[in-house]
$ cat protein30.txt   # compact mmCIF, C-alpha atoms and all ligand atoms
# COMPACT_ATOMS: atom_id res chain seq x y z
CA MET A 12 0.00 0.00 0.00
CA ASP A 13 1.17 3.53 -0.71
CA ASN A 14 -0.49 6.92 -0.74
CA ASN A 15 -2.44 5.96 -3.85
CA THR A 16 -4.41 3.63 -1.61
CA ILE A 17 -7.88 5.02 -0.98
CA VAL A 18 -8.70 5.00 2.72
CA GLY A 19 -12.28 4.52 3.89
CA VAL A 20 -13.46 5.66 7.31
CA VAL A 21 -16.84 4.64 8.78
CA GLY A 22 -18.14 7.02 11.43
CA SER A 23 -17.30 10.72 11.29
CA GLY A 24 -17.33 11.42 15.03
CA ALA A 25 -14.39 12.51 17.15
CA MET A 26 -12.18 9.58 16.12
CA GLY A 27 -13.33 9.02 12.54
CA SER A 28 -12.86 12.62 11.46
CA GLY A 29 -9.42 12.69 13.12
CA ILE A 30 -8.38 9.52 11.28
CA ALA A 31 -9.67 10.98 7.99
CA GLN A 32 -7.59 14.11 8.63
CA ILE A 33 -4.43 12.07 9.26
CA ALA A 34 -4.87 9.92 6.13
CA ALA A 35 -5.66 12.91 3.89
CA THR A 36 -2.67 14.80 5.31
CA ALA A 37 -0.50 11.78 4.42
CA GLY A 38 -1.68 12.17 0.81
CA HIS A 39 -4.46 9.58 0.57
CA ASN A 40 -7.83 10.10 -0.96
CA VAL A 41 -10.29 9.42 1.85
CA VAL A 42 -13.93 8.38 1.81
CA LEU A 43 -15.57 9.40 5.09
CA PHE A 44 -19.03 7.95 5.72
CA ASP A 45 -21.52 8.36 8.54
CA ASN A 46 -25.12 7.24 8.70
CA SER A 47 -26.03 10.55 10.28
CA HIS A 48 -26.16 13.48 7.92
CA ASP A 49 -25.68 15.90 10.81
CA ALA A 50 -22.56 14.07 11.96
CA LEU A 51 -21.08 14.37 8.45
CA GLN A 52 -21.83 18.07 8.37
CA ARG A 53 -20.28 18.54 11.79
CA ALA A 54 -17.18 16.64 10.64
CA SER A 55 -16.89 18.80 7.54
CA ALA A 56 -17.23 22.03 9.53
CA GLY A 57 -14.84 20.71 12.19
CA LEU A 58 -12.16 19.77 9.66
CA ASN A 59 -12.49 23.17 7.99
CA ASN A 60 -11.94 24.87 11.34
CA ILE A 61 -8.91 22.72 12.14
CA MET A 62 -7.36 23.61 8.77
CA LYS A 63 -7.98 27.31 9.41
CA ARG A 64 -6.29 27.02 12.80
CA LEU A 65 -3.30 25.21 11.31
CA ILE A 66 -2.96 27.94 8.66
CA ALA A 67 -3.20 30.68 11.30
CA LYS A 68 -0.49 28.97 13.35
CA GLY A 69 1.74 28.79 10.28
CA LYS A 70 1.76 24.99 10.35
CA LEU A 71 0.11 24.58 6.96
CA SER A 72 -0.08 26.67 3.80
CA GLU A 73 -3.52 27.58 2.41
CA GLU A 74 -2.69 25.53 -0.64
CA ASP A 75 -1.85 22.39 1.36
CA ALA A 76 -4.92 22.82 3.56
CA SER A 77 -7.26 23.01 0.61
CA ALA A 78 -5.51 20.01 -1.00
CA ILE A 79 -6.04 18.00 2.22
CA LEU A 80 -9.73 18.93 2.40
CA GLY A 81 -10.05 18.26 -1.34
CA ARG A 82 -8.90 14.68 -0.80
CA ILE A 83 -11.75 13.93 1.63
CA THR A 84 -15.07 12.81 0.16
CA PHE A 85 -17.99 13.04 2.58
CA ALA A 86 -20.03 10.01 1.57
CA ASP A 87 -23.66 9.39 2.34
CA ASN A 88 -23.66 5.73 1.41
CA MET A 89 -21.27 2.84 1.91
CA ASP A 90 -21.08 1.87 -1.77
CA GLN A 91 -18.41 4.52 -2.14
CA PHE A 92 -16.00 2.26 -0.22
CA GLY A 93 -15.75 -0.02 -3.30
CA ASP A 94 -12.26 1.12 -4.32
CA CYS A 95 -10.74 1.41 -0.86
CA GLY A 96 -7.58 -0.54 -0.01
CA ILE A 97 -8.39 -0.23 3.68
CA VAL A 98 -11.50 0.77 5.62
CA ILE A 99 -11.21 1.85 9.25
CA GLU A 100 -14.37 1.66 11.32
CA ALA A 101 -14.88 4.23 14.11
CA ILE A 102 -18.59 4.02 14.90
CA VAL A 103 -20.45 3.56 18.20
CA GLU A 104 -18.88 0.99 20.58
CA ASN A 105 -21.55 -1.68 20.15
CA ILE A 106 -20.69 -5.16 18.94
CA GLU A 107 -23.98 -5.82 17.14
CA VAL A 108 -23.84 -2.55 15.20
CA LYS A 109 -20.16 -3.10 14.37
CA LYS A 110 -20.88 -6.63 13.10
CA GLU A 111 -23.57 -5.31 10.77
CA VAL A 112 -21.18 -2.72 9.38
CA PHE A 113 -18.40 -5.28 8.83
CA LYS A 114 -20.82 -7.60 7.01
CA LYS A 115 -21.74 -4.78 4.67
CA LEU A 116 -18.10 -3.80 4.21
CA GLU A 117 -17.23 -7.35 3.22
CA TRP A 118 -19.83 -7.19 0.44
CA ILE A 119 -18.88 -3.78 -0.84
CA THR A 120 -15.08 -4.00 -0.82
CA GLU A 121 -12.61 -6.13 -2.79
CA ASP A 122 -11.45 -9.42 -1.26
CA ASP A 123 -8.08 -8.04 -0.26
CA THR A 124 -9.28 -4.78 1.32
CA ILE A 125 -8.15 -4.52 4.94
CA LEU A 126 -11.09 -4.12 7.31
CA ALA A 127 -9.96 -2.42 10.52
CA SER A 128 -11.71 -1.41 13.73
CA ASN A 129 -10.74 1.44 16.03
CA THR A 130 -12.56 -0.22 18.94
CA SER A 131 -11.20 0.44 22.44
CA SER A 132 -12.82 -2.40 24.27
CA LEU A 133 -14.29 -5.06 21.98
CA SER A 134 -12.28 -8.08 20.92
CA ILE A 135 -11.09 -8.15 17.32
CA ALA A 136 -11.96 -11.86 17.24
CA SER A 137 -15.61 -11.03 17.98
CA ILE A 138 -15.74 -8.43 15.19
CA GLY A 139 -13.97 -10.79 12.77
CA ALA A 140 -16.58 -13.45 13.53
CA ALA A 141 -19.13 -11.38 11.60
CA VAL A 142 -17.43 -11.84 8.22
CA GLU A 143 -16.54 -14.74 5.97
CA LYS A 144 -12.86 -13.81 5.74
CA PRO A 145 -11.74 -12.81 9.26
CA GLU A 146 -8.11 -13.02 8.01
CA ARG A 147 -8.46 -9.45 6.81
CA VAL A 148 -9.98 -8.01 9.97
CA ILE A 149 -7.62 -6.21 12.37
CA GLY A 150 -7.66 -3.67 15.20
CA ILE A 151 -6.05 -0.30 14.50
CA HIS A 152 -6.52 1.68 17.70
CA PHE A 153 -5.83 5.42 17.65
CA PHE A 154 -5.81 7.69 20.70
CA ASN A 155 -7.83 10.84 21.21
CA PRO A 156 -7.23 13.38 19.65
CA ALA A 157 -6.01 11.13 16.82
CA PRO A 158 -4.10 13.78 14.80
CA LEU A 159 -2.09 14.80 17.89
CA MET A 160 -1.45 11.53 19.68
CA PRO A 161 1.48 9.68 18.10
CA LEU A 162 0.60 6.15 19.29
CA VAL A 163 -1.43 3.57 17.37
CA GLU A 164 -1.96 0.03 18.67
CA ILE A 165 -2.12 -2.67 16.00
CA ILE A 166 -4.13 -5.67 17.13
CA PRO A 167 -4.30 -8.80 15.01
CA SER A 168 -6.90 -11.37 16.12
CA LEU A 169 -6.24 -15.11 16.30
CA LEU A 170 -7.35 -15.34 12.68
CA THR A 171 -5.71 -12.24 11.16
CA ASP A 172 -3.32 -12.99 8.28
CA PRO A 173 0.23 -11.90 9.31
CA ALA A 174 0.57 -10.17 5.91
CA ILE A 175 -2.42 -7.96 6.83
CA THR A 176 -0.80 -7.14 10.17
CA LEU A 177 2.44 -6.14 8.46
CA ALA A 178 0.69 -4.10 5.75
CA SER A 179 -1.39 -2.27 8.38
CA LYS A 180 1.66 -1.50 10.47
CA GLU A 181 3.61 -0.21 7.46
CA LEU A 182 0.74 1.98 6.35
CA ILE A 183 0.21 3.58 9.76
CA ASP A 184 3.98 4.02 10.22
CA SER A 185 4.03 5.86 6.88
CA TRP A 186 1.54 8.34 8.39
CA GLY A 187 4.21 9.32 10.93
CA LYS A 188 2.63 7.40 13.81
CA LYS A 189 4.41 5.13 16.31
CA THR A 190 2.87 1.69 16.08
CA VAL A 191 2.97 -1.02 18.71
CA LEU A 192 1.76 -4.56 18.35
CA ALA A 193 -0.69 -5.80 20.99
CA LYS A 194 -2.44 -9.08 21.70
CA ASP A 195 -6.22 -9.19 21.31
CA THR A 196 -6.93 -8.95 25.06
CA PRO A 197 -9.06 -6.46 27.06
CA GLY A 198 -7.74 -2.89 26.95
CA PHE A 199 -4.92 -3.94 24.58
CA ILE A 200 -1.82 -2.22 26.05
CA VAL A 201 -2.61 1.31 27.17
CA ASN A 202 -6.12 0.90 28.54
CA ARG A 203 -4.97 -2.15 30.50
CA VAL A 204 -1.66 -0.92 31.90
CA ALA A 205 -3.04 2.53 32.81
CA ARG A 206 -5.88 1.24 35.05
CA PRO A 207 -4.01 1.71 38.38
CA PHE A 208 -3.28 5.36 37.53
CA TYR A 209 -6.96 5.96 38.16
CA GLY A 210 -7.86 3.01 40.39
CA GLU A 211 -5.09 3.33 42.98
CA ALA A 212 -5.52 7.11 43.12
CA ILE A 213 -9.23 6.69 43.88
CA ARG A 214 -8.45 3.99 46.41
CA MET A 215 -6.07 6.27 48.32
CA TYR A 216 -8.63 9.06 48.24
CA GLU A 217 -11.37 6.71 49.54
CA GLU A 218 -9.09 5.59 52.37
CA GLY A 219 -8.36 9.17 53.32
CA PHE A 220 -4.65 8.65 52.60
CA ALA A 221 -4.70 12.04 50.82
CA ASP A 222 -7.18 14.38 49.14
CA ILE A 223 -7.59 14.70 45.37
CA ALA A 224 -5.62 17.93 45.04
CA THR A 225 -2.67 16.46 46.93
CA ILE A 226 -2.70 13.24 44.89
CA ASP A 227 -2.79 15.24 41.63
CA TRP A 228 -0.01 17.51 42.88
CA ALA A 229 2.22 14.54 43.81
CA MET A 230 1.78 12.83 40.43
CA LYS A 231 2.55 16.02 38.52
CA GLU A 232 5.20 17.71 40.62
CA LEU A 233 7.04 14.69 41.92
CA GLY A 234 6.16 12.12 39.25
CA GLY A 235 6.38 14.29 36.15
CA PHE A 236 2.99 13.19 34.80
CA ARG A 237 1.33 15.82 32.66
CA MET A 238 -1.99 15.65 34.50
CA GLY A 239 -2.98 14.24 37.86
CA PRO A 240 -5.35 11.24 37.93
CA PHE A 241 -8.39 13.24 39.09
CA GLU A 242 -7.82 16.07 36.64
CA LEU A 243 -7.41 13.50 33.89
CA MET A 244 -10.59 11.59 34.82
CA ASP A 245 -12.50 14.89 34.81
CA TYR A 246 -11.02 15.62 31.40
CA ILE A 247 -11.85 12.19 29.93
CA GLY A 248 -15.29 12.22 31.55
CA ASN A 249 -16.13 10.15 34.62
CA ASP A 250 -18.83 8.29 32.69
CA VAL A 251 -16.40 7.29 29.92
CA ASN A 252 -13.57 6.40 32.30
CA TYR A 253 -15.93 4.41 34.53
CA THR A 254 -17.29 2.45 31.57
CA VAL A 255 -13.78 1.52 30.43
CA THR A 256 -12.88 0.38 33.96
CA GLU A 257 -16.05 -1.67 34.30
CA THR A 258 -15.60 -3.24 30.86
CA VAL A 259 -11.98 -4.17 31.54
CA PHE A 260 -13.00 -5.66 34.93
CA ARG A 261 -15.77 -7.75 33.38
CA GLU A 262 -13.65 -8.83 30.43
CA PHE A 263 -10.90 -10.02 32.78
CA PHE A 264 -13.41 -12.36 34.39
CA TYR A 265 -13.66 -10.09 37.42
CA ASP A 266 -10.00 -10.05 38.37
CA PRO A 267 -9.98 -7.90 41.56
CA ARG A 268 -7.01 -5.95 40.19
CA TYR A 269 -9.36 -4.08 37.91
CA LYS A 270 -12.26 -3.60 40.32
CA PRO A 271 -14.12 -0.30 39.70
CA SER A 272 -14.86 2.10 42.56
CA PHE A 273 -18.08 3.36 44.06
CA THR A 274 -16.62 6.83 44.08
CA GLN A 275 -16.47 7.00 40.32
CA LYS A 276 -19.73 5.10 39.82
CA ARG A 277 -21.59 7.60 41.99
CA LEU A 278 -20.01 10.61 40.27
CA SER A 279 -21.09 9.17 36.96
CA GLU A 280 -24.63 8.39 38.19
CA ALA A 281 -24.98 11.88 39.63
CA GLY A 282 -23.96 13.45 36.34
CA LEU A 283 -20.76 14.86 37.82
CA LEU A 284 -18.92 13.92 34.67
CA GLY A 285 -16.05 16.40 34.85
CA ARG A 286 -15.22 19.31 32.59
CA LYS A 287 -18.01 18.60 30.14
CA SER A 288 -20.73 18.85 32.81
CA GLY A 289 -19.08 21.64 34.81
CA ARG A 290 -18.38 19.49 37.86
CA GLY A 291 -16.59 16.24 38.60
CA TYR A 292 -13.90 15.73 41.19
CA TYR A 293 -13.27 19.45 40.76
CA ASP A 294 -15.71 22.29 40.23
CA TYR A 295 -15.30 24.03 36.86
CA ARG A 296 -18.15 26.51 37.22
CA GLU A 297 -17.37 30.16 37.11
CA GLY A 298 -16.04 31.52 40.38
CA ALA A 299 -15.84 28.06 41.93
CA GLU A 300 -13.17 27.42 44.52
CA ASN A 301 -11.14 24.26 44.45
CA PRO A 302 -9.02 22.77 47.24
CA ASN A 303 -5.29 23.42 47.41
CA PRO A 304 -2.87 20.51 47.75
CA THR A 305 -0.95 19.79 50.91
CA GLU A 306 2.53 20.13 49.51
CA ASP A 307 4.16 17.65 51.88
CA LYS A 308 7.10 16.04 50.11
CA GLU A 309 7.10 12.83 52.16
CA LEU A 310 3.36 12.29 51.70
CA GLY A 311 3.72 13.12 48.01
CA GLU A 312 6.52 10.59 47.52
CA ASN A 313 4.39 7.90 49.21
CA ILE A 314 1.45 8.67 46.93
CA LEU A 315 3.61 8.58 43.80
CA TRP A 316 5.35 5.37 44.82
CA ARG A 317 2.12 3.49 45.56
CA ILE A 318 0.60 4.37 42.17
CA LEU A 319 3.89 3.76 40.41
CA VAL A 320 4.44 0.25 41.80
CA MET A 321 0.89 -0.67 40.76
CA LEU A 322 1.49 0.66 37.23
CA ILE A 323 4.83 -1.15 37.00
CA ASN A 324 3.21 -4.38 38.17
CA GLU A 325 0.58 -4.06 35.41
CA ALA A 326 3.25 -3.48 32.75
CA VAL A 327 5.36 -6.37 34.02
CA ASP A 328 2.36 -8.69 34.04
CA ALA A 329 1.48 -7.65 30.47
CA LEU A 330 5.03 -8.59 29.47
CA TYR A 331 4.76 -11.85 31.40
CA LEU A 332 1.58 -12.73 29.48
CA ASN A 333 3.09 -11.75 26.10
CA ILE A 334 0.62 -8.92 25.48
CA ALA A 335 3.43 -6.94 23.84
CA SER A 336 7.22 -6.69 23.73
CA LYS A 337 9.05 -4.75 26.46
CA GLU A 338 9.98 -2.05 23.95
CA ASP A 339 6.37 -1.69 22.77
CA LEU A 340 5.04 -1.64 26.34
CA ASP A 341 7.26 1.30 27.24
CA LEU A 342 6.64 3.08 23.94
CA ALA A 343 2.87 2.70 24.34
CA MET A 344 2.76 4.43 27.71
CA THR A 345 5.04 7.30 26.74
CA LYS A 346 3.47 7.95 23.32
CA GLY A 347 -0.16 6.97 24.03
CA VAL A 348 -0.70 8.62 27.42
CA ASN A 349 2.39 10.83 27.75
CA TYR A 350 3.94 9.07 30.75
CA PRO A 351 7.26 10.71 31.59
CA LYS A 352 9.07 7.35 31.38
CA GLY A 353 8.37 3.82 30.23
CA LEU A 354 7.21 1.75 33.20
CA LEU A 355 9.71 -1.08 32.70
CA ALA A 356 12.61 1.35 32.39
CA TRP A 357 11.25 3.07 35.51
CA ALA A 358 11.25 -0.29 37.34
CA ASP A 359 14.92 -0.80 36.41
CA GLU A 360 15.74 2.67 37.68
CA LYS A 361 13.91 2.32 41.00
CA GLY A 362 14.95 -1.29 41.61
CA ILE A 363 12.82 -4.35 40.95
CA ASP A 364 13.46 -5.54 44.52
CA LYS A 365 11.95 -2.31 45.91
CA VAL A 366 8.87 -2.57 43.69
CA LEU A 367 8.33 -6.18 44.74
CA GLU A 368 8.85 -5.41 48.41
CA THR A 369 6.19 -2.67 48.36
CA LEU A 370 3.65 -4.84 46.54
CA GLU A 371 4.21 -7.68 49.01
CA LYS A 372 3.69 -5.30 51.91
CA LEU A 373 0.47 -3.94 50.40
CA GLN A 374 -0.79 -7.45 49.72
CA ALA A 375 -0.04 -8.53 53.29
CA GLU A 376 -1.56 -5.41 54.79
CA TYR A 377 -4.81 -5.48 52.79
CA GLY A 378 -5.06 -9.22 52.17
CA GLU A 379 -6.29 -8.39 48.68
CA ASP A 380 -5.42 -10.02 45.39
CA ARG A 381 -5.45 -6.53 43.91
CA TYR A 382 -1.85 -6.14 45.10
CA ARG A 383 -0.48 -9.53 44.02
CA PRO A 384 2.93 -9.14 42.36
CA SER A 385 3.37 -10.50 38.85
CA PRO A 386 5.27 -13.82 38.79
CA LEU A 387 7.70 -12.17 36.37
CA LEU A 388 8.57 -9.55 38.96
CA ARG A 389 9.48 -12.30 41.44
CA LYS A 390 11.51 -14.13 38.79
CA MET A 391 13.42 -11.02 37.74
CA ASN A 392 14.18 -10.24 41.37
CA ARG A 393 15.35 -13.81 42.06
CA GLU A 394 17.62 -13.75 39.05
CA ASN A 395 18.79 -10.22 39.80
CA LYS A 396 17.89 -9.08 36.26
CA THR A 397 16.76 -5.78 34.76
CA PHE A 398 14.37 -5.24 31.83
CA PHE A 399 16.77 -3.22 29.70
P1 LIG B 1 -18.52 9.37 18.30
O1 LIG B 1 -19.78 9.12 19.00
O2 LIG B 1 -17.86 10.72 18.36
O3 LIG B 1 -18.71 9.02 16.72
C1 LIG B 1 -19.32 7.85 16.27
C2 LIG B 1 -19.97 8.16 14.92
O4 LIG B 1 -20.41 6.93 14.33
C3 LIG B 1 -21.20 9.07 15.02
O5 LIG B 1 -21.01 10.17 14.17
C4 LIG B 1 -22.36 8.18 14.55
O6 LIG B 1 -23.31 8.91 13.80
C5 LIG B 1 -21.64 7.18 13.67
N1 LIG B 1 -22.33 5.90 13.51
C6 LIG B 1 -22.98 5.17 14.45
N2 LIG B 1 -23.46 4.04 13.91
C7 LIG B 1 -23.11 4.05 12.60
C8 LIG B 1 -23.31 3.16 11.52
N3 LIG B 1 -23.99 2.02 11.68
N4 LIG B 1 -22.81 3.47 10.32
C9 LIG B 1 -22.14 4.63 10.15
N5 LIG B 1 -21.92 5.53 11.13
C10 LIG B 1 -22.39 5.23 12.36
O7 LIG B 1 -17.51 8.21 18.81
P2 LIG B 1 -15.92 8.23 18.90
O8 LIG B 1 -15.51 8.76 20.21
O9 LIG B 1 -15.37 8.82 17.65
O10 LIG B 1 -15.62 6.65 18.93
C11 LIG B 1 -15.72 5.84 17.81
C12 LIG B 1 -15.00 4.53 18.04
O11 LIG B 1 -13.63 4.78 18.37
C13 LIG B 1 -15.54 3.66 19.18
O12 LIG B 1 -15.39 2.31 18.82
C14 LIG B 1 -14.64 4.01 20.33
O13 LIG B 1 -14.56 3.00 21.29
C15 LIG B 1 -13.32 4.19 19.62
N6 LIG B 1 -12.34 5.03 20.30
C16 LIG B 1 -12.71 6.18 20.94
C17 LIG B 1 -11.77 6.96 21.58
C18 LIG B 1 -12.18 8.21 22.28
O14 LIG B 1 -11.42 8.69 23.14
N7 LIG B 1 -13.31 8.82 21.97
C19 LIG B 1 -10.34 6.59 21.60
C20 LIG B 1 -10.03 5.42 20.81
C21 LIG B 1 -11.01 4.66 20.24
$ encode --input "protein30.txt" --output "structure tokens" --more "lines below"
Ligand code: NAI
Amino acid sequence: MDNNTIVGVVGSGAMGSGIAQIAATAGHNVVLFDNSHDALQRASAGLNNIMKRLIAKGKLSEEDASAILGRITFADNMDQFGDCGIVIEAIVENIEVKKEVFKKLEWITEDDTILASNTSSLSIASIGAAVEKPERVIGIHFFNPAPLMPLVEIIPSLLTDPAITLASKELIDSWGKKTVLAKDTPGFIVNRVARPFYGEAIRMYEEGFADIATIDWAMKELGGFRMGPFELMDYIGNDVNYTVTETVFREFFYDPRYKPSFTQKRLSEAGLLGRKSGRGYYDYREGAENPNPTEDKELGENILWRILVMLINEAVDALYLNIASKEDLDLAMTKGVNYPKGLLAWADEKGIDKVLETLEKLQAEYGEDRYRPSPLLRKMNRENKTFF
């Protein structure tokens, strides 16, 4: 595939229109379809605005911007996908609706067209099951906002043809993205490994270990994370973040490590969704006052360390279970969610023995499986090895 390949995108919402923008910027002709006329119009207006902003910032010439927009066809029926070399689906996260769309795509496209899904939480195997040739179905998972986030997870299912995996990876690499290869398991890499960033922060808040402002302060000031967990949950939306947590928990057959919290469930039920609703953990309404952190270095270091060991344990366990390579695991967290360091490299730096010791203490103290150390962590410690 090269930039003569026509790229199809189904669903022109937040993700679909971002993916269309990336492909058109890379020189492809793009067919962008949505079954809602309003959504297509919003996407068209949105893309126009983005181009105007890029011109104003001096990042794009007027000529290039109009060439990019000129390469995008806003389609009102799926037949226009007939000549596409790849179609990327970014519609509502519902398996039945996705299956219907993939069945139609199989009919409309050529036999060798790659059929990709941008799903965050459904298995690629389950989507592939809808079509006669699941060999050509693959997960290509972008992050939000797609044009700005460099990471893309490539997820072959059990039945995906390795040639399709390679072609997909090469295509997305040619768009200037960093691709990582992930196994078809819940949350793929990022949405799995990142769970404790939210979960352990909420747990400490529930226990009264520290308040939200202090936890956010510690993660940013002492940990170097761009946003604190509570700020980030408010930004993502507590409804969205809660749903991901609950889905991952269920999909992992209720492994207590991923257990959701009542705190976030109640916020979501009460409509305290975060920035978008004006209130979440913090109050975003005009004139609202928010708590100040207790800038206690020792407390802050304890907060950071407890979240960090939980994150490291998740990354180590993902390596142990062959979800991805160690290089891809670290790349995913730095490029997909802007972590200041890869978690495995961080474990090497802090000492695997120290990470293990803390997890064992937590597990003994709480008696909960939530804190069980990965067998790989024990093995590495026994053999006195480092990840890199
Ligand atoms: P969205 O709600 O902004 O857009 C979805 C679009 O799909 C809507 O415009 C809707 O009209 C359209 N649509 C629904 N059913 C359709 C059908 N049968 N045929 C054609 N169009 C249809 O959703 P968003 O956020 O863009 O998410 C899309 C997909 O990307 C989901 O699978 C989601 O899990 C995934 N994703 C979302 C991320 C996010 O942060 N929003 C990040 C990564 C993946």
$ residues_near_ligand --input "protein30.txt" --ligand "ligand LIG 1 (chain B)" --cutoff "9 Å" --atoms "only C-alpha atoms and all ligand atoms" --output "PyMOL selection string"
chain A and resi 21-29+44-51+53-54+88-89+100-105+108-109+111-112+128-133+152-157+247+251
$ closest_residue --input "protein30.txt" --among "A:Leu116, A:Val191, A:Leu243, A:Leu177" --to "A:Ile334" --atoms "all atoms listed in the file"
A:Val191
$ closest_residue --input "protein30.txt" --among "A:Ala76, A:Ala329, A:Leu278, A:Ala136" --to "A:Arg203" --atoms "all atoms listed in the file"
A:Ala329
$ residues_around --input "protein30.txt" --residues "A:Lys361" --least-positions-apart "6" --cutoff "10 Å" --atoms "only C-alpha atoms" --output "ChimeraX atom specification"
/A:316,320,355
$ closest_residue --input "protein30.txt" --among "A:Thr369, A:Asn249, A:Ser385, A:Asn15" --to "A:Leu283" --atoms "all atoms listed in the file"
A:Asn249
$ closest_residue --input "protein30.txt" --among "A:Gly248, A:Lys352, A:Ala37, A:Leu126" --to "A:Gly282" --atoms "only C-alpha atoms"
A:Gly248
$ closest_residue --input "protein30.txt" --among "A:Leu319, A:Leu367, A:Ile119, A:Leu192" --to "A:Leu162" --atoms "all atoms listed in the file"
A:Leu192
$ closest_residue --input "protein30.txt" --among "A:Thr124, A:Ser55, A:Asn349, A:Ser288" --to "A:Ser179" --atoms "only C-alpha atoms"
A:Thr124
$ atom_distance --input "protein30.txt" --atom1 "atom CA of A:Val41" --atom2 "atom CA of A:Lys180"
18.3 Å
$ atom_distance --input "protein30.txt" --atom1 "atom CA of A:Glu262" --atom2 "atom CA of A:Gly198"
9.1 Å
$ residues_around --input "protein30.txt" --residues "A:Lys372" --least-positions-apart "5" --cutoff "10 Å" --atoms "only C-alpha atoms" --output "JSON, numbers by chain"
{"A": [367, 377, 378, 382, 383]}
$ atom_distance --input "protein30.txt" --atom1 "atom CA of A:Lys308" --atom2 "atom CA of A:Ala375"
25.8 Å
$ build_atoms --input "protein30.txt" --residues "stretch 369-380 of chain A" --atoms "N, CA and C atoms" --output "PDB file, in the frame of the given file"
ATOM      1  N   THR A 369       7.367  -3.498  48.069  1.00  0.00           N
ATOM      2  CA  THR A 369       6.190  -2.670  48.360  1.00  0.00           C
ATOM      3  C   THR A 369       4.892  -3.425  48.042  1.00  0.00           C
ATOM      4  N   LEU A 370       4.862  -4.100  46.904  1.00  0.00           N
ATOM      5  CA  LEU A 370       3.650  -4.840  46.540  1.00  0.00           C
ATOM      6  C   LEU A 370       3.361  -5.934  47.570  1.00  0.00           C
ATOM      7  N   GLU A 371       4.410  -6.612  48.014  1.00  0.00           N
ATOM      8  CA  GLU A 371       4.210  -7.680  49.010  1.00  0.00           C
ATOM      9  C   GLU A 371       3.676  -7.108  50.321  1.00  0.00           C
ATOM     10  N   LYS A 372       4.175  -5.951  50.681  1.00  0.00           N
ATOM     11  CA  LYS A 372       3.690  -5.300  51.910  1.00  0.00           C
ATOM     12  C   LYS A 372       2.219  -4.920  51.774  1.00  0.00           C
ATOM     13  N   LEU A 373       1.868  -4.337  50.638  1.00  0.00           N
ATOM     14  CA  LEU A 373       0.470  -3.940  50.400  1.00  0.00           C
ATOM     15  C   LEU A 373      -0.435  -5.166  50.432  1.00  0.00           C
ATOM     16  N   GLN A 374       0.027  -6.230  49.775  1.00  0.00           N
ATOM     17  CA  GLN A 374      -0.790  -7.450  49.720  1.00  0.00           C
ATOM     18  C   GLN A 374      -0.992  -8.024  51.121  1.00  0.00           C
ATOM     19  N   ALA A 375       0.058  -7.999  51.921  1.00  0.00           N
ATOM     20  CA  ALA A 375      -0.040  -8.530  53.290  1.00  0.00           C
ATOM     21  C   ALA A 375      -0.944  -7.652  54.146  1.00  0.00           C
ATOM     22  N   GLU A 376      -0.793  -6.349  53.987  1.00  0.00           N
ATOM     23  CA  GLU A 376      -1.560  -5.410  54.790  1.00  0.00           C
ATOM     24  C   GLU A 376      -3.063  -5.501  54.480  1.00  0.00           C
ATOM     25  N   TYR A 377      -3.399  -5.518  53.185  1.00  0.00           N
ATOM     26  CA  TYR A 377      -4.810  -5.480  52.790  1.00  0.00           C
ATOM     27  C   TYR A 377      -5.420  -6.871  52.616  1.00  0.00           C
ATOM     28  N   GLY A 378      -4.546  -7.868  52.419  1.00  0.00           N
ATOM     29  CA  GLY A 378      -5.060  -9.220  52.170  1.00  0.00           C
ATOM     30  C   GLY A 378      -5.850  -9.297  50.882  1.00  0.00           C
ATOM     31  N   GLU A 379      -5.530  -8.426  49.938  1.00  0.00           N
ATOM     32  CA  GLU A 379      -6.290  -8.390  48.680  1.00  0.00           C
ATOM     33  C   GLU A 379      -5.435  -8.819  47.493  1.00  0.00           C
ATOM     34  N   ASP A 380      -6.070  -9.553  46.604  1.00  0.00           N
ATOM     35  CA  ASP A 380      -5.420 -10.020  45.390  1.00  0.00           C
ATOM     36  C   ASP A 380      -5.060  -8.868  44.450  1.00  0.00           C
TER      37      ASP A 380
END
